[in-house]
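For reference, the structure discussed in these notes is given below.
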Amino acid sequence: MSTLLEVSDVTVSFDGFRAINNLSFHIGPAEMRAIIGPNGAGKTTFMDIVTGKTKPDKGRVIWGARRLSLLGLSEARIAREGIGRKFQKPTVFEDQSVQENLLMALKNRRGPLSVLFYRPMAAHLARVAALAEEIGLADQLQRKAGELSHGQKQWLEIGMLLAQEPKLLLVDEPAAGMTPAEREHTTNILVEAAKTRAVVVVEHDMEFVRRLGCKVTVLHEGSVLAEGSLDHVTADKEVIDVYLGR
Amino acid sequence: MQSAFQKRGASTVIFLTLLVAFTLLVTVLSEGMGIGVISTSFVKTLGKTLCLALVAISMDLVWGYAGILSLGHFAFFGLGGYMIGMWLMYERTREIVVSSLADAPIPPTAQEVSDAIANQIFGVVGSADFPLIWVFADSLLAQLMLVVLVPGVLAGVFGWLAFRSRVAGVYLSILTQAMTLALSLYLFQNDNGLRGNNGLSGLQNLPGLAEVSQALVSVWFLWGAALALGLGYLLAVWVVSGKFGSVLRGIRDDEARVRFLGYPVETYKLVLFTGTACMAGIAGALYYPQAGIINPAEMAPIASIYLAVWVAIGGRGRLYGAVIGAAFVSLVSSWFTGGQAPNVPLGVYTIKWVDWWLVVLGLSFVLVTLFAPKGIGGLFDLLERRTAPDRHGADLGPDQGALREKEASE
């Protein structure tokens with residue numbers, strides 16, 4: 001199987017504390033992966049490294065068929081390469097309408113000049129409408145994002161991610177604060193997305209991970225503790241120790 | 001988005017209509033072209049106010065839309081004024097010199113004319129040579145280009161250094177203020193070629209138009225300023241109404257998120273900072289010929305702070321708010337500080353507005369920031385009943401039993 005993202009031997013320290021310790025991880029082009037781990041296991045730092053927010057002390061992050069190193073690139077450049085990220089707290093632009101949010105995320109040229117002269121074409125508006133349909137916000141297009149409910153904001157953010165047409169989606173706790181029905185919808189969106197691209201989901205909630213039905217990577221103290229199906233890793237003695245406390 | 005654009009379209013039409021009506025009304029009432037109800041000096045004050053409104057729009061773009069609190073935009077305004085002032089002063093002095101030398105028995109050489117002009121202009125700072133920066137002063141076209149280029153290049157270099165290092169927020173404000181202070185201190189020096197603290201003067205006399213009365217010139221400048229303001233407003237509306245405006249407001253609200261969408265945030269900031277600096281330069285070039293004099297005190301950091309105060313009081317993030325703020329606050333300021341406001345005797349102490357106005361202005365700035373962050377422009381929202389979404393305490397999800405806000409934030 002070919003590899004889309006390859007992280008090898010990455011180490012990051014903050015003031016002597018090793019947040020990530022010789023971490024290696026790889027994922028294929030159309031694969032769903034869940035990352036679980038206790039607090040402080042390095043899940044968010046891992047995402048920060050891949051998206052360019054944090055520079056590792058050592059190690060390599062290799063991207064795509066062209067084997068591009070992501071380490072020297074800016075966040076914006078990495079995003080344009082096709083890595084989309086959803087934060088734990090829904091971060092949508094509350095002052096702007098759902099449509100404006102989606103249009104901003106829609107894959108297009110990102111330079112100031114092309115954006116200045118950009119006017120939405122019918123095809124773009126149709127794509128936005130289709131996305132809104134997918135995330136269940138079709139009748140909310142003109143509403144300000146700030147007026148949406150918490151769950152709707154989460155979906156809008158997922159919709160913005162899909163609009164970017166990334167090759168890799170990094171999703172941080174997508175189901176936090178959602179009702180069971182909303183969770184199910186979120187699961188469906190993610191499973192659907194993983195058919196055409198790689199999706200990495202960081203999640204605390206085992207029940208949610210079980211529904212995703214994918215390979216699981218367990219992080220602990222900045223490195224991979226176990227990897228495999230959910231049943232496999234939850235049967236692992238070390239994993240049980242870490243989760244239940246020694 | 002359609003409706004938002006239409007709303008903005010409506011406010012643009014109203015604004016432009018009011019601007020045209022205002023200009024025509026002042027023209028009809030002026031001494032120069034009308035029935036003479038408004039004095040020439042007041043026509044100039046109104047014309048200058050339009051220029052201040054234009055620089056306020058540039059400030060609103062950079063601060064109200066993109067969240068960059070620049071305390072340097074009045075310095076760009078002043079630089080624009082200096083650039084046009086150099087041509088006005090050179091050309092006007094040349095006319096005087098040529099006419100006075102015309103009676104000489106031997107026609108003066110070009111060198112003699114040049115020396116005489118330099119002597120006239122720089123005698124006050126003890127010099128008689130043209131500094132290098134005056135090399136284009138004899139060309140109106142070149143100086144007009146410099147009106148845009150000098151603020152643009154300064155803002156471009158400064159912005160490139162600052163934004164590239166990801167300086168943002170209050171640190172950027174301090175940095176821009178330091179730039180403004182350094183520039184005004186530099187201009188205060190007598191040997192910098194711009195006449196030190198004397199500044200450039202006599203700018204109200206347009207070369208070649210000596211026989212035209214100031215009453216008429218003041219109306220011309222009013223028109224020019226109104227035209228520039230109208231065009232600047234339209235340009236600003238165009239910039240903020242599309243996706244560019246979306247990105248700018250995104251940068252203001254959550255810079256990191258915009259970055260993760262793939263937009264080169266630093267480039268956007270640089271383009272906006274430089275573009276608005278050019279706009280400020282144009283506003284300054286129209287302002288100072290009406291004021292008649294420009295000196296470094298005009299560019300002191302306090303002027304840029306005033307600019308921020310105008311925009312805040314008028315209402316950040318809406319273009320007409322900036323115009324209202326600049327016009328309202330600057331006109332009220334000049335009324336209070338001009339000694340026209342009656343003193344308030346309190347028995348033991350008499351409130352002299354000339355002394356107390358700054359306190360009132362500062363207080364109203366604080367009060368507006370705390371209690372009416374939308375400024376005067378927010379009053380229009382009240383008329384339209386357009387209010388900010390308030391979801392506090394409501395269910396987070398659409399379903400019964402969805403988590404409440406408090407639980408979700410834990």
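Labels used: A, B, ... for chains in the order of the structure tokens, numbers from 1 for residues in each chain, and numbers from 1 for ligands as shown.
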
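Close contacts of segment 7-23 of chain A, defined as residues with an atom at most 7 Å away when counting only C-alpha atoms, with chain neighbours fewer than 4 positions off set aside, comprise Gly42, Pro56, Asp57, Lys58, Gly59, Arg60, Val61, Ile62, Glu221, Gly222, Ser223 and Val224 of chain A.
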
How about saving the chosen residues, C-alpha atoms kept, as an mmCIF file, in the first residue's frame?
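The new file out.cif reads:
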```cif
data_model
loop_
_atom_site.group_PDB
_atom_site.id
_atom_site.type_symbol
_atom_site.label_atom_id
_atom_site.label_comp_id
_atom_site.auth_asym_id
_atom_site.auth_seq_id
_atom_site.Cartn_x
_atom_site.Cartn_y
_atom_site.Cartn_z
ATOM 1 C CA GLY A 42 0.734 14.052 22.506
ATOM 2 C CA PRO A 56 9.939 19.171 15.717
ATOM 3 C CA ASP A 57 13.420 18.984 17.217
ATOM 4 C CA LYS A 58 14.234 16.018 15.034
ATOM 5 C CA GLY A 59 12.609 13.569 12.676
ATOM 6 C CA ARG A 60 11.004 13.629 9.262
ATOM 7 C CA VAL A 61 7.511 14.358 7.988
ATOM 8 C CA ILE A 62 7.128 13.206 4.387
ATOM 9 C CA GLU A 221 3.790 9.685 26.502
ATOM 10 C CA GLY A 222 4.514 10.853 23.015
ATOM 11 C CA SER A 223 4.978 7.561 21.215
ATOM 12 C CA VAL A 224 2.894 4.763 19.757
#
```

All helix (DSSP H, G or I) positions in segment 27-123 of chain A, as a PyMOL selection string: chain A and resi 43-50+75-81+98-105+112-116+122-123

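Near Ala178 of chain B, within 10 Å and counting only C-alpha atoms, sit Leu71, Gly72, Leu172, Ser173, Leu183, Ser184 and Pro301 of chain B; same-chain residues fewer than 5 positions away were not included.
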
Residue set, segment 27-237 of chain A restricted to strand (DSSP E or B), as a ChimeraX atom specification: /A:27,32-36,58-63,68-69,83-86,97,144,168-172,198-202,215-220,223-228

Can I get the selection written as a JSON list (two decimals), in the first residue's frame, with C-alpha atoms?
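Contents of the output file selection-v1.json:
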```
[["chain", "number", "residue", "atom", "x", "y", "z"],
["A", 27, "ILE", "CA", -1.27, 6.48, 6.74],
["A", 32, "MET", "CA", -9.59, 6.08, 8.31],
["A", 33, "ARG", "CA", -7.52, 6.06, 11.47],
["A", 34, "ALA", "CA", -8.45, 6.83, 15.04],
["A", 35, "ILE", "CA", -5.87, 8.07, 17.50],
["A", 36, "ILE", "CA", -6.66, 7.55, 21.15],
["A", 58, "LYS", "CA", 14.23, 16.02, 15.03],
["A", 59, "GLY", "CA", 12.61, 13.57, 12.68],
["A", 60, "ARG", "CA", 11.00, 13.63, 9.26],
["A", 61, "VAL", "CA", 7.51, 14.36, 7.99],
["A", 62, "ILE", "CA", 7.13, 13.21, 4.39],
["A", 63, "TRP", "CA", 4.05, 13.93, 2.31],
["A", 68, "LEU", "CA", 7.76, 16.36, -0.03],
["A", 69, "SER", "CA", 9.13, 17.25, 3.39],
["A", 83, "ILE", "CA", -3.95, 18.78, 4.74],
["A", 84, "GLY", "CA", -7.09, 20.05, 6.45],
["A", 85, "ARG", "CA", -7.52, 20.36, 10.18],
["A", 86, "LYS", "CA", -10.52, 20.58, 12.43],
["A", 97, "SER", "CA", -22.77, 33.58, 7.03],
["A", 144, "LYS", "CA", -24.57, 33.88, 10.54],
["A", 168, "LEU", "CA", -5.76, 14.24, 4.53],
["A", 169, "LEU", "CA", -8.23, 15.33, 7.17],
["A", 170, "LEU", "CA", -7.11, 15.77, 10.76],
["A", 171, "VAL", "CA", -10.11, 15.87, 13.06],
["A", 172, "ASP", "CA", -9.78, 16.65, 16.74],
["A", 198, "ALA", "CA", -7.28, 9.80, 4.49],
["A", 199, "VAL", "CA", -8.98, 10.76, 7.75],
["A", 200, "VAL", "CA", -7.29, 10.88, 11.13],
["A", 201, "VAL", "CA", -9.65, 11.26, 14.09],
["A", 202, "VAL", "CA", -8.44, 12.05, 17.57],
["A", 215, "LYS", "CA", -7.66, 0.88, 12.71],
["A", 216, "VAL", "CA", -6.70, 2.49, 15.99],
["A", 217, "THR", "CA", -3.37, 3.95, 17.10],
["A", 218, "VAL", "CA", -2.85, 4.35, 20.84],
["A", 219, "LEU", "CA", -0.48, 7.13, 21.88],
["A", 220, "HIS", "CA", 1.13, 7.25, 25.27],
["A", 223, "SER", "CA", 4.98, 7.56, 21.21],
["A", 224, "VAL", "CA", 2.89, 4.76, 19.76],
["A", 225, "LEU", "CA", 1.90, 2.22, 22.38],
["A", 226, "ALA", "CA", -0.22, -0.09, 20.26],
["A", 227, "GLU", "CA", -1.81, -0.23, 16.84],
["A", 228, "GLY", "CA", -4.57, -2.41, 15.35]]
```

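Atom to atom, atom CA of Gln204 of chain B and atom CA of Ser41 of chain B stand 11.5 Å apart.
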
Spatial neighbours of segment 19-33 of chain B, max dist 12 Å, only C-alpha atoms, sep filter under 2 positions, as a ChimeraX atom specification: /B:12-17,35-47,50,53,212-231,233,320,323-324

Let me see the file: selected residues, C-alpha atoms, as a PDB file, in the first residue's frame.
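Okay, again_30.pdb is ready:
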```pdb
ATOM      1  CA  THR B  12     -23.302  52.843  -0.376  1.00  0.00           C
ATOM      2  CA  VAL B  13     -26.031  54.508  -2.425  1.00  0.00           C
ATOM      3  CA  ILE B  14     -27.217  56.461   0.602  1.00  0.00           C
ATOM      4  CA  PHE B  15     -23.679  57.510   1.436  1.00  0.00           C
ATOM      5  CA  LEU B  16     -22.833  58.675  -2.090  1.00  0.00           C
ATOM      6  CA  THR B  17     -26.132  60.544  -2.384  1.00  0.00           C
ATOM      7  CA  ILE B  35     -24.499  83.068  -1.992  1.00  0.00           C
ATOM      8  CA  GLY B  36     -21.742  83.430   0.581  1.00  0.00           C
ATOM      9  CA  VAL B  37     -23.412  82.107   3.720  1.00  0.00           C
ATOM     10  CA  ILE B  38     -20.459  79.852   4.536  1.00  0.00           C
ATOM     11  CA  SER B  39     -17.100  81.564   4.984  1.00  0.00           C
ATOM     12  CA  THR B  40     -14.141  80.436   2.905  1.00  0.00           C
ATOM     13  CA  SER B  41     -12.284  79.232   5.966  1.00  0.00           C
ATOM     14  CA  PHE B  42     -15.234  77.041   6.910  1.00  0.00           C
ATOM     15  CA  VAL B  43     -15.416  75.630   3.379  1.00  0.00           C
ATOM     16  CA  LYS B  44     -11.772  74.687   3.852  1.00  0.00           C
ATOM     17  CA  THR B  45     -12.567  73.086   7.190  1.00  0.00           C
ATOM     18  CA  LEU B  46     -15.295  71.009   5.536  1.00  0.00           C
ATOM     19  CA  GLY B  47     -12.990  70.057   2.668  1.00  0.00           C
ATOM     20  CA  LEU B  50     -13.638  65.005   3.863  1.00  0.00           C
ATOM     21  CA  ALA B  53     -12.909  60.851   6.437  1.00  0.00           C
ATOM     22  CA  VAL B 212      -7.832  83.032  -8.556  1.00  0.00           C
ATOM     23  CA  SER B 213      -9.306  83.871  -5.172  1.00  0.00           C
ATOM     24  CA  GLN B 214      -8.980  81.497  -2.220  1.00  0.00           C
ATOM     25  CA  ALA B 215     -12.782  81.469  -2.050  1.00  0.00           C
ATOM     26  CA  LEU B 216     -12.873  79.703  -5.396  1.00  0.00           C
ATOM     27  CA  VAL B 217      -9.871  77.459  -4.713  1.00  0.00           C
ATOM     28  CA  SER B 218     -11.491  76.280  -1.503  1.00  0.00           C
ATOM     29  CA  VAL B 219     -14.543  75.060  -3.432  1.00  0.00           C
ATOM     30  CA  TRP B 220     -12.326  73.291  -5.991  1.00  0.00           C
ATOM     31  CA  PHE B 221     -10.565  71.441  -3.221  1.00  0.00           C
ATOM     32  CA  LEU B 222     -13.882  70.594  -1.622  1.00  0.00           C
ATOM     33  CA  TRP B 223     -14.909  68.956  -4.886  1.00  0.00           C
ATOM     34  CA  GLY B 224     -11.576  67.196  -5.204  1.00  0.00           C
ATOM     35  CA  ALA B 225     -11.792  65.880  -1.659  1.00  0.00           C
ATOM     36  CA  ALA B 226     -15.411  64.794  -2.158  1.00  0.00           C
ATOM     37  CA  LEU B 227     -14.473  62.981  -5.367  1.00  0.00           C
ATOM     38  CA  ALA B 228     -11.546  61.244  -3.687  1.00  0.00           C
ATOM     39  CA  LEU B 229     -13.726  60.263  -0.744  1.00  0.00           C
ATOM     40  CA  GLY B 230     -16.446  58.914  -3.035  1.00  0.00           C
ATOM     41  CA  LEU B 231     -13.980  56.883  -5.091  1.00  0.00           C
ATOM     42  CA  TYR B 233     -15.409  54.613  -0.441  1.00  0.00           C
ATOM     43  CA  TYR B 320     -19.730  54.703   6.885  1.00  0.00           C
ATOM     44  CA  VAL B 323     -16.659  58.506   7.911  1.00  0.00           C
ATOM     45  CA  ILE B 324     -19.159  59.507  10.585  1.00  0.00           C
TER      46      ILE B 324
END
```

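By chain and then residue number, the residues within 7 Å of segment 120-137 of chain A are Gln99, Leu102, Leu103, Trp155, Leu156 and Gly159 of chain A, counting only C-alpha atoms and disregarding those fewer than 6 positions away in sequence.
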
Two-atom distance - atom CA of Asn197 of chain B, atom CA of Asp129 of chain B (Å): 18.1 Å

Shell of 12 Å around Thr369 of chain B, only C-alpha atoms, local chain residues under 2 positions omitted, as a PyMOL selection string: chain B and resi 308-316+362-367+371-376

Residues near Pro296 of chain B, cut-off 8 Å, only C-alpha atoms, skip fewer than 3 positions along chain, as an MDAnalysis selection string: chainID B and resid 184:185 187:188 196:197 199 299:300

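Proximity of A:Glu147, A:Glu203, A:Glu173, A:Glu31 to chain B, computed with only C-alpha atoms, is greatest for A:Glu147.
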
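Take atom CA of Gly202 of chain B and atom CA of Gly123 of chain B: the distance between them is 15.3 Å.
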